Amino acid sequence: MKKKQNDLDPLRKKAEKKLREQEGRLKDLSALDTKRLVHELGTYQIELEMQNEELRMAQAELETSRNRYADLYDFAPIGYFIFDNNSVIREANLTVANLLGIEKRLLTGKTFSLFVLSEDRKIFTEHIADVMSKQVLQTCEIRVGKKDRSVFHALIESIAVEDETGELTLCRSAVSDVTDRKKAQEALRKAYDDLEIRVQERTKELRELNGTLEQRVAERTAELLEINKTLRDSRRATLNIMEDLRLEVAERKRAEESLKKSQAELQMLNRDLETYSYTVSHELKAPLRSIEGFSTALMEDYAKKLDKNGKSFCNRIVAASTRMSQQIDSLLTMSRLTQGELKEKAVDLSDMAEVIAYELKKSQPMREVEFIIAEKVKVLGDFDMLRIVMENLLANAWKFTSKTEKARIELGVMQSKPPLNPLLDQGGELVDSENSPPKLGGVAKGRGGEIIYFVRDNGAGFDMTYADKLFAPFKRLHSDSEFPGLGIGLAIVDKIVSKHGGKIWAESEIGKGTTVYFTL
């Protein structure tokens with residue numbers, strides 16, 4: 001009100017001056033005219049006061065709106081600032097100040113280019129030039145340094161605006177921190193590269209498996225051709241067998257072509273491989289059953305006509321057919337294991353080994369074999385798959401100690417000191433099973449090293465020169481007459497250990513025994 005009164009003082013003085021100038025005229029007015037004039041003056045005064053009040057309220061509302069706009073401008077989620085064509089900052093909001101880590105009042109008059117990394121200043125300079133010349137919205141991405149010397153990626157969007165004289169000499173810009181988006185893009189690119197590597201590795205593995213199967217078919221084809229030469233008296237049966245084999249090879253080639261086409265479809269890869277394995281197993285067994293059936297019929301119906309060599313050949317055909325059928329079953333088992341999904345849970349290898357040892361002793365009660373099984377050897381893994389691992393390793397140890405007096409088979413656990421490199425130093429320095437590592441939740445955990453499990457025997461052993469063939473399918477280091485077998489068990493074990501993210505290797509000496517190590 002005081003301000004209002006001060007504003008009215010000049011107007012009152014002016015009115016009083018006018019009244020004094022017209023005092024002569026007022027004296028000539030009648031009482032009625034004087035009364036009417038006083039009434040009009042009072043009305044004008046009231047109107048002026050009402051207009052003054054409205055003006056004051058309008059000014060207050062304008063001030064409130066201005067403050068609200070200033071708050072919205074300062075606390076906007078995006079930084080806003082205005083600078084001239086020399087990148088000198090004329091105005092900035094609090095968001096810009098927070099992004100740069102400097103007080104808002106210190107920004108005005110500073111050159112924004114000083115905050116831009118030297119490598120990106122050319123980009124920013126060209127951006128300003130484009131804004132001023134093209135006079136449409138322009139965008140660029142640059143790296144900006146903060147006061148604390150940290151750096152963030154900024155997205156700048158700018159447009160030219162008029163200055164006080166109406167000339168387009170100023171640039172209004174919005175700045176956003178896009179560092180997180182840049183990191184996300186980099187992570188996505190890395191994930192894509194990793195996926196590409198996995199696809200290539202999977203394709204290589206499939207090609208290797210194709211090569212193995214192709215080699216086996218070629219070997220069996222050569223063997224059947226040799227058998228065909230020795231069975232002249234059963235030409236008709238042999239021709240039927242060869243026809244079946246020809247059809248099987250043709251079918252296999254068609255299946256291989258179909259499999260090669262499906263390699264590009266990563267999501268369907270495992271399902272196609274499993275279907276293919278079943279097809280190979282079923283279709284290869286059909287001619288094998290024919291071979292075995294015709295050979296058996298030949299021995300039964302023409303026994304008197306066959307000499308000793310002929311009967312021997314027939315027996316060899318039946319034995320070879322049976323062996324190939326077993327090999328196909330083993331390949332199918334290995335395929336299932338590589339396709340199956342891991343069902344992880346705590347598995348007690350000690351209890352599992354005790355049960356398997358009991359079954360082995362029961363199968364050959366006349367043998368005296370000492371089993372040394374470490375207690376409470378527990379791991380995380382798939383129970384059924386680890387059962388196959390233990391059965392194969394312990395059965396191998398049982399087989400290769402069959403000619404050893406005072407045979408001994410041991411299951412143990414030890415700890416390596418990192419790094420573990422079984423190809424160079426066979427695991428580095430090891431801690432024996434008597435000083436086993438601590439256990440957490442019933443499962444063995446290392447102290448910075450890697451837990452290694454092993455099965456050791458004092459049996460026949462093998463020449464370490466051929467150790468690289470130990471885990472290859474159908475690669476045997478002993479003759480079938482000495483130690484019978486298919487040569488697939490350790491290959492299956494290798495696949496299971498790899499599926500559990502582990503490694504497997506062996507140490508051996510002829511006549512002194514073998515130790516197979518594995519990690520999970």
# chains A, B, ... in the order shown; residues from 1 in each chain; ligands from 1

call {"tool": "closest_atom_pairs", "arguments": {"of": "stretch 119-231 of chain A", "to": "stretch 79-88 of chain A", "cutoff": "10 Å", "atoms": "only C-alpha atoms", "output": "JSON lines"}}
result
{"residue": "A:Phe124", "atom": "CA", "partner": "A:Ser87", "partner_atom": "CA", "distance": 9.4}
{"residue": "A:Thr125", "atom": "CA", "partner": "A:Ser87", "partner_atom": "CA", "distance": 8.5}
{"residue": "A:Ile128", "atom": "CA", "partner": "A:Asn85", "partner_atom": "CA", "distance": 6.8}
{"residue": "A:Ala129", "atom": "CA", "partner": "A:Asn85", "partner_atom": "CA", "distance": 7.8}
{"residue": "A:Val131", "atom": "CA", "partner": "A:Asn85", "partner_atom": "CA", "distance": 9.2}
{"residue": "A:Met132", "atom": "CA", "partner": "A:Asn85", "partner_atom": "CA", "distance": 7.5}
{"residue": "A:Ile156", "atom": "CA", "partner": "A:Gly79", "partner_atom": "CA", "distance": 9.6}
{"residue": "A:Glu157", "atom": "CA", "partner": "A:Tyr80", "partner_atom": "CA", "distance": 9.7}
{"residue": "A:Ser158", "atom": "CA", "partner": "A:Ile82", "partner_atom": "CA", "distance": 9.3}
{"residue": "A:Ile159", "atom": "CA", "partner": "A:Ile82", "partner_atom": "CA", "distance": 9.8}
{"residue": "A:Ala160", "atom": "CA", "partner": "A:Asp84", "partner_atom": "CA", "distance": 9.4}
{"residue": "A:Val161", "atom": "CA", "partner": "A:Ile82", "partner_atom": "CA", "distance": 9.0}
{"residue": "A:Asp163", "atom": "CA", "partner": "A:Asp84", "partner_atom": "CA", "distance": 9.2}
{"residue": "A:Leu168", "atom": "CA", "partner": "A:Asp84", "partner_atom": "CA", "distance": 9.5}
{"residue": "A:Thr169", "atom": "CA", "partner": "A:Asp84", "partner_atom": "CA", "distance": 6.1}
{"residue": "A:Leu170", "atom": "CA", "partner": "A:Asp84", "partner_atom": "CA", "distance": 4.5}
{"residue": "A:Cys171", "atom": "CA", "partner": "A:Phe83", "partner_atom": "CA", "distance": 5.4}
{"residue": "A:Arg172", "atom": "CA", "partner": "A:Ile82", "partner_atom": "CA", "distance": 4.5}
{"residue": "A:Ser173", "atom": "CA", "partner": "A:Phe81", "partner_atom": "CA", "distance": 5.6}
{"residue": "A:Ala174", "atom": "CA", "partner": "A:Tyr80", "partner_atom": "CA", "distance": 4.7}
{"residue": "A:Val175", "atom": "CA", "partner": "A:Gly79", "partner_atom": "CA", "distance": 5.0}
{"residue": "A:Ser176", "atom": "CA", "partner": "A:Gly79", "partner_atom": "CA", "distance": 6.4}
{"residue": "A:Asp177", "atom": "CA", "partner": "A:Gly79", "partner_atom": "CA", "distance": 9.0}

call {"tool": "residues_around", "arguments": {"residues": "A:Val116", "least_positions_apart": "4", "cutoff": "9 Å", "atoms": "only C-alpha atoms", "output": "number ranges by chain"}}
result
A: 112, 120-121, 124, 142-145

call {"tool": "atom_distance", "arguments": {"atom1": "atom CA of A:Met352", "atom2": "atom CA of A:Glu391"}}
result
8.9 Å

call {"tool": "residues_around", "arguments": {"residues": "A:Leu107", "least_positions_apart": "3", "cutoff": "12 Å", "atoms": "only C-alpha atoms", "output": "PyMOL selection string"}}
result
chain A and resi 81-83+87-104+110-112+114-115+147

call {"tool": "closest_residue", "arguments": {"among": "A:Thr108, A:Lys378, A:His153, A:Thr165", "to": "A:Asp180", "atoms": "only C-alpha atoms"}}
result
A:His153
